[in-house]
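Printed here is work_34.cif (mmCIF, C-alpha atoms and all ligand atoms):
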data_my_file
loop_
_atom_site.label_atom_id
_atom_site.label_comp_id
_atom_site.auth_asym_id
_atom_site.auth_seq_id
_atom_site.Cartn_x
_atom_site.Cartn_y
_atom_site.Cartn_z
CA GLN X 45 0.00 0.00 0.00
CA SER X 46 1.59 3.24 -1.14
CA LYS X 47 2.32 6.22 1.09
CA VAL X 48 2.94 9.87 0.38
CA THR X 49 4.87 11.69 3.07
CA ILE X 50 4.15 15.36 3.66
CA LEU X 51 6.14 17.17 6.34
CA GLY X 52 6.90 13.83 7.94
CA ILE X 53 3.33 12.54 7.92
CA PRO X 54 2.92 9.32 5.90
CA PHE X 55 -0.47 9.54 4.19
CA ASP X 56 -2.08 6.46 2.71
CA ASN X 57 -2.53 7.19 -0.97
CA MET X 58 -5.93 5.59 -1.44
CA THR X 59 -9.31 6.73 -2.70
CA ARG X 60 -12.26 6.99 -0.26
CA LYS X 61 -13.53 3.73 -1.70
CA ASP X 62 -10.18 2.01 -1.08
CA PHE X 63 -10.04 3.27 2.51
CA LEU X 64 -13.48 1.85 3.19
CA LYS X 65 -12.55 -1.43 1.50
CA GLU X 66 -9.43 -1.77 3.67
CA LEU X 67 -11.33 -0.83 6.82
CA TYR X 68 -14.03 -3.36 5.97
CA ILE X 69 -11.40 -6.09 5.61
CA ARG X 70 -9.79 -5.19 8.93
CA LEU X 71 -13.19 -5.12 10.61
CA ASN X 72 -14.00 -8.60 9.38
CA HIS X 73 -10.56 -9.94 10.31
CA ASP X 74 -11.03 -8.46 13.75
CA GLN X 75 -7.87 -6.37 13.46
CA LYS X 76 -7.58 -3.51 15.91
CA THR X 77 -7.29 -0.31 13.88
CA PHE X 78 -6.34 3.29 14.61
CA LEU X 79 -7.53 5.57 11.82
CA VAL X 80 -6.42 9.21 11.69
CA THR X 81 -7.87 11.73 9.29
CA ALA X 82 -5.22 14.43 9.11
CA ASN X 83 -5.98 17.94 7.85
CA PRO X 84 -3.37 20.71 7.34
CA GLU X 85 -3.86 21.94 10.95
CA ILE X 86 -2.95 18.50 12.26
CA VAL X 87 0.11 18.28 10.01
CA MET X 88 1.31 21.69 11.21
CA TYR X 89 0.61 20.91 14.84
CA ALA X 90 2.62 17.68 14.60
CA GLN X 91 5.66 19.68 13.40
CA ASP X 92 6.08 21.33 16.79
CA ASN X 93 4.64 18.66 19.04
CA GLN X 94 6.75 15.54 19.17
CA ASP X 95 4.33 13.66 21.45
CA TYR X 96 1.50 14.22 19.01
CA TYR X 97 3.72 13.28 16.07
CA GLU X 98 4.49 9.99 17.79
CA LEU X 99 0.79 9.35 18.34
CA LEU X 100 0.18 9.83 14.62
CA MET X 101 2.94 7.32 13.90
CA GLN X 102 0.90 4.71 15.79
CA ALA X 103 -1.95 5.03 13.29
CA ASP X 104 -2.72 2.13 10.96
CA PHE X 105 -4.10 4.54 8.38
CA ILE X 106 -3.70 8.27 7.83
CA ALA X 107 -6.25 9.77 5.47
CA PRO X 108 -5.60 13.04 3.59
CA ASP X 109 -8.38 15.20 5.00
CA GLY X 110 -8.56 18.37 2.97
CA ILE X 111 -7.66 19.88 -0.37
CA GLY X 112 -4.59 21.54 1.21
CA ILE X 113 -3.01 18.13 1.70
CA VAL X 114 -3.76 17.11 -1.89
CA LYS X 115 -2.32 20.39 -3.23
CA ALA X 116 0.83 19.99 -1.14
CA SER X 117 1.27 16.44 -2.49
CA HIS X 118 1.09 17.73 -6.06
CA ALA X 119 3.54 20.54 -5.31
CA LEU X 120 5.97 17.95 -3.93
CA GLY X 121 5.67 15.85 -7.09
CA THR X 122 4.10 12.90 -5.25
CA PRO X 123 0.40 13.33 -6.00
CA ILE X 124 -2.25 11.96 -3.67
CA LYS X 125 -5.23 10.42 -5.52
CA GLU X 126 -7.98 12.36 -3.80
CA ARG X 127 -9.08 14.21 -0.72
CA VAL X 128 -10.58 11.85 1.85
CA PRO X 129 -12.69 13.86 4.31
CA GLY X 130 -13.02 12.45 7.81
CA PHE X 131 -16.73 13.14 7.75
CA GLU X 132 -17.20 10.98 4.65
CA LEU X 133 -15.15 8.13 6.08
CA MET X 134 -17.38 8.27 9.15
CA LEU X 135 -20.51 8.06 6.96
CA GLY X 136 -18.99 5.14 5.04
CA LEU X 137 -18.12 3.31 8.24
CA LEU X 138 -21.64 3.86 9.59
CA GLU X 139 -22.99 2.41 6.36
CA ILE X 140 -20.82 -0.69 6.87
CA ALA X 141 -21.84 -0.90 10.53
CA ASP X 142 -25.49 -0.82 9.48
CA LEU X 143 -25.07 -3.53 6.84
CA GLU X 144 -23.07 -5.75 9.19
CA LYS X 145 -25.07 -4.95 12.35
CA LYS X 146 -21.91 -3.92 14.20
CA ASN X 147 -21.49 -2.59 17.73
CA VAL X 148 -20.70 1.11 17.73
CA TYR X 149 -19.79 3.58 20.50
CA PHE X 150 -19.99 7.35 20.05
CA ILE X 151 -18.10 9.70 22.32
CA GLY X 152 -17.60 13.46 22.17
CA ALA X 153 -19.25 16.83 21.55
CA GLU X 154 -21.69 18.68 23.81
CA GLU X 155 -24.45 16.77 25.59
CA ASP X 156 -27.28 17.99 23.33
CA ILE X 157 -25.20 17.38 20.20
CA ILE X 158 -24.41 13.78 21.11
CA GLU X 159 -28.08 13.14 21.94
CA ARG X 160 -29.11 14.49 18.54
CA THR X 161 -26.32 12.56 16.83
CA ILE X 162 -27.61 9.33 18.33
CA ALA X 163 -31.18 10.11 17.24
CA LYS X 164 -29.90 10.76 13.71
CA VAL X 165 -27.90 7.53 13.63
CA LYS X 166 -30.95 5.52 14.78
CA GLU X 167 -33.02 7.10 12.04
CA LYS X 168 -30.52 6.74 9.19
CA TRP X 169 -28.81 3.46 10.12
CA PRO X 170 -31.38 1.46 12.10
CA HIS X 171 -29.38 -1.79 12.15
CA ILE X 172 -26.38 -0.33 13.96
CA ASN X 173 -26.14 -1.70 17.46
CA ILE X 174 -25.38 1.45 19.47
CA VAL X 175 -23.61 -0.01 22.49
CA GLY X 176 -23.14 3.33 24.19
CA TYR X 177 -22.47 7.03 23.91
CA HIS X 178 -21.18 9.90 26.02
CA HIS X 179 -20.58 13.61 25.62
CA GLY X 180 -17.00 14.81 25.35
CA TYR X 181 -16.74 17.09 28.36
CA PHE X 182 -15.14 14.95 31.02
CA ASN X 183 -11.57 14.56 32.21
CA HIS X 184 -10.01 12.76 29.25
CA ALA X 185 -7.30 11.31 31.49
CA ASP X 186 -9.93 9.59 33.66
CA PRO X 187 -9.37 5.81 33.31
CA GLU X 188 -12.99 5.11 34.32
CA MET X 189 -14.36 6.25 30.98
CA ILE X 190 -12.09 3.83 29.14
CA GLU X 191 -13.21 1.04 31.48
CA LYS X 192 -16.83 1.92 30.75
CA VAL X 193 -16.33 1.86 26.98
CA LYS X 194 -14.28 -1.34 27.12
CA LEU X 195 -17.18 -3.19 28.75
CA THR X 196 -19.34 -2.49 25.68
CA ASP X 197 -16.70 -4.04 23.37
CA PRO X 198 -17.38 -1.84 20.33
CA ASP X 199 -16.44 -2.86 16.79
CA MET X 200 -16.17 0.84 15.98
CA ILE X 201 -15.67 3.87 18.15
CA PHE X 202 -16.04 7.45 16.94
CA VAL X 203 -14.26 10.01 19.11
CA ALA X 204 -15.17 13.68 18.63
CA PHE X 205 -13.03 15.77 20.99
CA GLY X 206 -11.09 17.65 18.30
CA PHE X 207 -7.34 17.14 17.90
CA PRO X 208 -4.99 16.50 19.66
CA ARG X 209 -7.32 15.35 22.48
CA GLN X 210 -9.11 12.67 20.47
CA GLU X 211 -5.93 10.97 19.19
CA LYS X 212 -4.45 10.93 22.71
CA TRP X 213 -7.56 9.31 24.09
CA ILE X 214 -7.76 6.78 21.24
CA SER X 215 -4.14 5.75 21.67
CA ASN X 216 -4.71 5.17 25.36
CA TYR X 217 -7.94 3.27 24.71
CA LEU X 218 -6.52 1.07 21.95
CA SER X 219 -3.51 0.16 24.09
CA GLN X 220 -5.97 -1.53 26.46
CA VAL X 221 -8.22 -3.45 24.06
CA THR X 222 -7.75 -6.15 21.44
CA HIS X 223 -10.58 -5.23 19.15
CA GLY X 224 -12.19 -2.40 17.21
CA ILE X 225 -11.70 0.46 14.78
CA ALA X 226 -11.18 3.84 16.45
CA VAL X 227 -11.21 7.17 14.65
CA GLY X 228 -11.09 10.79 15.76
CA VAL X 229 -13.81 12.70 13.93
CA GLY X 230 -13.36 16.29 15.16
CA GLY X 231 -16.52 18.32 14.68
CA SER X 232 -18.38 15.58 12.74
CA PHE X 233 -21.12 15.06 15.36
CA ASP X 234 -21.90 18.77 15.18
CA VAL X 235 -22.36 18.38 11.41
CA LEU X 236 -24.30 15.09 11.54
CA SER X 237 -26.67 16.32 14.25
CA GLY X 238 -27.41 19.62 12.43
N1 LIG H 301 -15.03 18.71 22.23
C1 LIG H 301 -15.25 17.76 23.25
N2 LIG H 301 -14.54 17.85 24.39
C2 LIG H 301 -13.60 18.80 24.60
C3 LIG H 301 -13.37 19.74 23.55
C4 LIG H 301 -14.10 19.66 22.38
O1 LIG H 301 -16.09 16.87 23.10
O2 LIG H 301 -13.00 18.81 25.66
C5 LIG H 301 -15.82 18.60 21.01
C6 LIG H 301 -16.55 19.85 20.55
O3 LIG H 301 -17.78 19.97 21.27
C7 LIG H 301 -16.76 19.57 19.09
C8 LIG H 301 -15.56 18.72 18.72
O4 LIG H 301 -14.93 18.35 19.94
O5 LIG H 301 -17.92 18.80 18.90
C9 LIG H 301 -14.57 19.39 17.82
O6 LIG H 301 -14.07 20.49 18.49
P1 LIG H 301 -13.21 21.60 17.77
O7 LIG H 301 -14.03 22.26 16.73
O8 LIG H 301 -12.56 22.41 18.83
O9 LIG H 301 -12.08 20.68 17.08
P2 LIG H 301 -11.64 20.49 15.53
O10 LIG H 301 -12.88 20.08 14.74
O11 LIG H 301 -11.08 21.80 15.13
O12 LIG H 301 -10.63 19.38 15.58
#

Could you quickly redo this structure as structure tokens?
Ligand code: UDP
Amino acid sequence: QSKVTILGIPFDNMTRKDFLKELYIRLNHDQKTFLVTANPEIVMYAQDNQDYYELLMQADFIAPDGIGIVKASHALGTPIKERVPGFELMLGLLEIADLEKKNVYFIGAEEDIIERTIAKVKEKWPHINIVGYHHGYFNHADPEMIEKVKLTDPDMIFVAFGFPRQEKWISNYLSQVTHGIAVGVGGSFDVLSG
């Protein structure tokens, strides 16, 4: 699988369709997966924050989230196939979860936003087994939340705290489980619920 490195970040050079195909395979092979969707802000932030850079290096996939990344890849002479927005990967994964009746956990955003997100998911993807959800305003270092989520054993977990918080939490969570796809989705619940 080919990579394009921009400012030290190794992006997976795949179309949206390819990303979803690969994620589907990993889901059905029960392979624990850390997916990062990196926009230009994330790439810039990682330049000056070694800890965050190292978190990104733990990812199984890094998707090029934004036209800025695609333009940079062209300028560097190593073109990326297409922009792969985090929001669209989330929709694609929810589609898969619905078809395969998977267990999904949603965590992040304000209380009313997460409530509305859950209502929207139930309406649009009725076969998803929502194993739990929680708003994103708690102490992210609290080990109890991870314990709580672990008990629900999700196949997919969507984490909407914004970067770098969401990637830190995911890395911590994934280090303690053997199963599931985890992805930081930034402001996606705000969009989905709206
Ligand atoms: N958020 C959260 N907990 C926090 C901070 C932010 O759940 O401690 C949520 C916020 O409500 C929003 C999402 O994270 O739904 C994205 O936040 P922001 O726009 O700051 O991040 P970005 O999209 O720029 O990564």

Discussion item. Hey, which residues sit close to ligand LIG 301 (chain H)? Say within 7 Å, counting only C-alpha atoms and all ligand atoms, and write them as a list of chain:residue names.
Written reply: X:Gly152, X:Ala153, X:Glu154, X:His179, X:Gly180, X:Tyr181, X:Phe182, X:Ala204, X:Phe205, X:Gly206, X:Phe207, X:Gly230, X:Gly231, X:Ser232, X:Phe233, X:Asp234

Practice prompt. Compile the contact shell of stretch 74-91 of chain X as a ChimeraX atom specification: residues with an atom at most 9 Å away, counting all atoms listed in the file, same-chain residues fewer than 4 positions apart removed.
Written response: /X:50-53,55,67,69-70,95-98,100,102-113,128-130,133,199,207-208,211,214-215,218,221-229

Can you tell me, as JSON, the centre and edge lengths (Å, one decimal) of the axis-aligned box enclosing all of stretch 110-118 of chain X's listed atoms after padding each side by 5 Å?
{"center_x": -3.6, "center_y": 19.0, "center_z": -1.5, "size_x": 19.8, "size_y": 15.1, "size_z": 19.0}

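As for atom CA of X:Ile158 and atom CA of X:Ile174, they are spaced 12.5 Å apart.
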
Worksheet entry | Selection: 6 Å around stretch 142-150 of chain X, all atoms listed in the file, excl. self and same-chain fewer than 2 positions, as a ChimeraX atom specification | /X:139-140,169,171-177,198-202

Write the residues of the preceding selection, restricted to C-alpha atoms, as an mmCIF file, keeping the file's coordinate frame.
data_model
loop_
_atom_site.group_PDB
_atom_site.id
_atom_site.type_symbol
_atom_site.label_atom_id
_atom_site.label_comp_id
_atom_site.auth_asym_id
_atom_site.auth_seq_id
_atom_site.Cartn_x
_atom_site.Cartn_y
_atom_site.Cartn_z
ATOM 1 C CA GLU X 139 -22.990 2.410 6.360
ATOM 2 C CA ILE X 140 -20.820 -0.690 6.870
ATOM 3 C CA TRP X 169 -28.810 3.460 10.120
ATOM 4 C CA HIS X 171 -29.380 -1.790 12.150
ATOM 5 C CA ILE X 172 -26.380 -0.330 13.960
ATOM 6 C CA ASN X 173 -26.140 -1.700 17.460
ATOM 7 C CA ILE X 174 -25.380 1.450 19.470
ATOM 8 C CA VAL X 175 -23.610 -0.010 22.490
ATOM 9 C CA GLY X 176 -23.140 3.330 24.190
ATOM 10 C CA TYR X 177 -22.470 7.030 23.910
ATOM 11 C CA PRO X 198 -17.380 -1.840 20.330
ATOM 12 C CA ASP X 199 -16.440 -2.860 16.790
ATOM 13 C CA MET X 200 -16.170 0.840 15.980
ATOM 14 C CA ILE X 201 -15.670 3.870 18.150
ATOM 15 C CA PHE X 202 -16.040 7.450 16.940
#

Take stretch 104-132 of chain X, bring it up to N, CA and C atoms, and give me the output as a PDB file, keeping the file's coordinate frame.
ATOM      1  N   ASP X 104      -2.777   3.149  12.020  1.00  0.00           N
ATOM      2  CA  ASP X 104      -2.720   2.130  10.960  1.00  0.00           C
ATOM      3  C   ASP X 104      -2.996   2.752   9.608  1.00  0.00           C
ATOM      4  N   PHE X 105      -3.813   3.809   9.616  1.00  0.00           N
ATOM      5  CA  PHE X 105      -4.100   4.540   8.380  1.00  0.00           C
ATOM      6  C   PHE X 105      -4.106   6.032   8.685  1.00  0.00           C
ATOM      7  N   ILE X 106      -3.571   6.810   7.740  1.00  0.00           N
ATOM      8  CA  ILE X 106      -3.700   8.270   7.830  1.00  0.00           C
ATOM      9  C   ILE X 106      -4.325   8.746   6.529  1.00  0.00           C
ATOM     10  N   ALA X 107      -5.512   9.315   6.652  1.00  0.00           N
ATOM     11  CA  ALA X 107      -6.250   9.770   5.470  1.00  0.00           C
ATOM     12  C   ALA X 107      -5.980  11.264   5.227  1.00  0.00           C
ATOM     13  N   PRO X 108      -5.846  11.639   3.944  1.00  0.00           N
ATOM     14  CA  PRO X 108      -5.600  13.040   3.590  1.00  0.00           C
ATOM     15  C   PRO X 108      -6.898  13.856   3.638  1.00  0.00           C
ATOM     16  N   ASP X 109      -7.119  14.496   4.768  1.00  0.00           N
ATOM     17  CA  ASP X 109      -8.380  15.200   5.000  1.00  0.00           C
ATOM     18  C   ASP X 109      -8.253  16.670   4.614  1.00  0.00           C
ATOM     19  N   GLY X 110      -8.557  16.966   3.387  1.00  0.00           N
ATOM     20  CA  GLY X 110      -8.560  18.370   2.970  1.00  0.00           C
ATOM     21  C   GLY X 110      -7.784  18.592   1.685  1.00  0.00           C
ATOM     22  N   ILE X 111      -8.259  19.573   0.938  1.00  0.00           N
ATOM     23  CA  ILE X 111      -7.660  19.880  -0.370  1.00  0.00           C
ATOM     24  C   ILE X 111      -6.236  20.405  -0.196  1.00  0.00           C
ATOM     25  N   GLY X 112      -5.938  21.023   0.946  1.00  0.00           N
ATOM     26  CA  GLY X 112      -4.590  21.540   1.210  1.00  0.00           C
ATOM     27  C   GLY X 112      -3.545  20.436   1.187  1.00  0.00           C
ATOM     28  N   ILE X 113      -3.925  19.270   1.691  1.00  0.00           N
ATOM     29  CA  ILE X 113      -3.010  18.130   1.700  1.00  0.00           C
ATOM     30  C   ILE X 113      -2.780  17.639   0.267  1.00  0.00           C
ATOM     31  N   VAL X 114      -3.862  17.572  -0.501  1.00  0.00           N
ATOM     32  CA  VAL X 114      -3.760  17.110  -1.890  1.00  0.00           C
ATOM     33  C   VAL X 114      -2.896  18.072  -2.701  1.00  0.00           C
ATOM     34  N   LYS X 115      -3.106  19.364  -2.500  1.00  0.00           N
ATOM     35  CA  LYS X 115      -2.320  20.390  -3.230  1.00  0.00           C
ATOM     36  C   LYS X 115      -0.846  20.282  -2.853  1.00  0.00           C
ATOM     37  N   ALA X 116      -0.571  20.115  -1.583  1.00  0.00           N
ATOM     38  CA  ALA X 116       0.830  19.990  -1.140  1.00  0.00           C
ATOM     39  C   ALA X 116       1.471  18.770  -1.797  1.00  0.00           C
ATOM     40  N   SER X 117       0.718  17.669  -1.898  1.00  0.00           N
ATOM     41  CA  SER X 117       1.270  16.440  -2.490  1.00  0.00           C
ATOM     42  C   SER X 117       1.622  16.655  -3.956  1.00  0.00           C
ATOM     43  N   HIS X 118       0.811  17.423  -4.653  1.00  0.00           N
ATOM     44  CA  HIS X 118       1.090  17.730  -6.060  1.00  0.00           C
ATOM     45  C   HIS X 118       2.319  18.629  -6.172  1.00  0.00           C
ATOM     46  N   ALA X 119       2.395  19.621  -5.298  1.00  0.00           N
ATOM     47  CA  ALA X 119       3.540  20.540  -5.310  1.00  0.00           C
ATOM     48  C   ALA X 119       4.841  19.791  -5.059  1.00  0.00           C
ATOM     49  N   LEU X 120       4.768  18.736  -4.254  1.00  0.00           N
ATOM     50  CA  LEU X 120       5.970  17.950  -3.930  1.00  0.00           C
ATOM     51  C   LEU X 120       6.300  16.919  -5.008  1.00  0.00           C
ATOM     52  N   GLY X 121       5.422  16.801  -6.006  1.00  0.00           N
ATOM     53  CA  GLY X 121       5.670  15.850  -7.090  1.00  0.00           C
ATOM     54  C   GLY X 121       5.290  14.421  -6.759  1.00  0.00           C
ATOM     55  N   THR X 122       4.556  14.235  -5.657  1.00  0.00           N
ATOM     56  CA  THR X 122       4.100  12.900  -5.250  1.00  0.00           C
ATOM     57  C   THR X 122       2.589  12.972  -5.022  1.00  0.00           C
ATOM     58  N   PRO X 123       1.825  13.035  -6.126  1.00  0.00           N
ATOM     59  CA  PRO X 123       0.400  13.330  -6.000  1.00  0.00           C
ATOM     60  C   PRO X 123      -0.419  12.287  -5.243  1.00  0.00           C
ATOM     61  N   ILE X 124      -1.271  12.784  -4.381  1.00  0.00           N
ATOM     62  CA  ILE X 124      -2.250  11.960  -3.670  1.00  0.00           C
ATOM     63  C   ILE X 124      -3.488  11.869  -4.557  1.00  0.00           C
ATOM     64  N   LYS X 125      -4.117  10.675  -4.590  1.00  0.00           N
ATOM     65  CA  LYS X 125      -5.230  10.420  -5.520  1.00  0.00           C
ATOM     66  C   LYS X 125      -6.419  11.346  -5.318  1.00  0.00           C
ATOM     67  N   GLU X 126      -6.849  11.452  -4.072  1.00  0.00           N
ATOM     68  CA  GLU X 126      -7.980  12.360  -3.800  1.00  0.00           C
ATOM     69  C   GLU X 126      -8.047  12.711  -2.325  1.00  0.00           C
ATOM     70  N   ARG X 127      -8.800  13.748  -2.059  1.00  0.00           N
ATOM     71  CA  ARG X 127      -9.080  14.210  -0.720  1.00  0.00           C
ATOM     72  C   ARG X 127     -10.013  13.178  -0.077  1.00  0.00           C
ATOM     73  N   VAL X 128      -9.737  12.833   1.175  1.00  0.00           N
ATOM     74  CA  VAL X 128     -10.580  11.850   1.850  1.00  0.00           C
ATOM     75  C   VAL X 128     -11.082  12.470   3.165  1.00  0.00           C
ATOM     76  N   PRO X 129     -12.202  13.155   3.111  1.00  0.00           N
ATOM     77  CA  PRO X 129     -12.690  13.860   4.310  1.00  0.00           C
ATOM     78  C   PRO X 129     -13.076  12.892   5.424  1.00  0.00           C
ATOM     79  N   GLY X 130     -12.686  13.257   6.640  1.00  0.00           N
ATOM     80  CA  GLY X 130     -13.020  12.450   7.810  1.00  0.00           C
ATOM     81  C   GLY X 130     -14.510  12.217   7.930  1.00  0.00           C
ATOM     82  N   PHE X 131     -15.277  13.256   7.631  1.00  0.00           N
ATOM     83  CA  PHE X 131     -16.730  13.140   7.750  1.00  0.00           C
ATOM     84  C   PHE X 131     -17.265  12.051   6.821  1.00  0.00           C
ATOM     85  N   GLU X 132     -16.718  11.991   5.607  1.00  0.00           N
ATOM     86  CA  GLU X 132     -17.200  10.980   4.650  1.00  0.00           C
ATOM     87  C   GLU X 132     -16.764   9.564   5.042  1.00  0.00           C
TER      88      GLU X 132
END
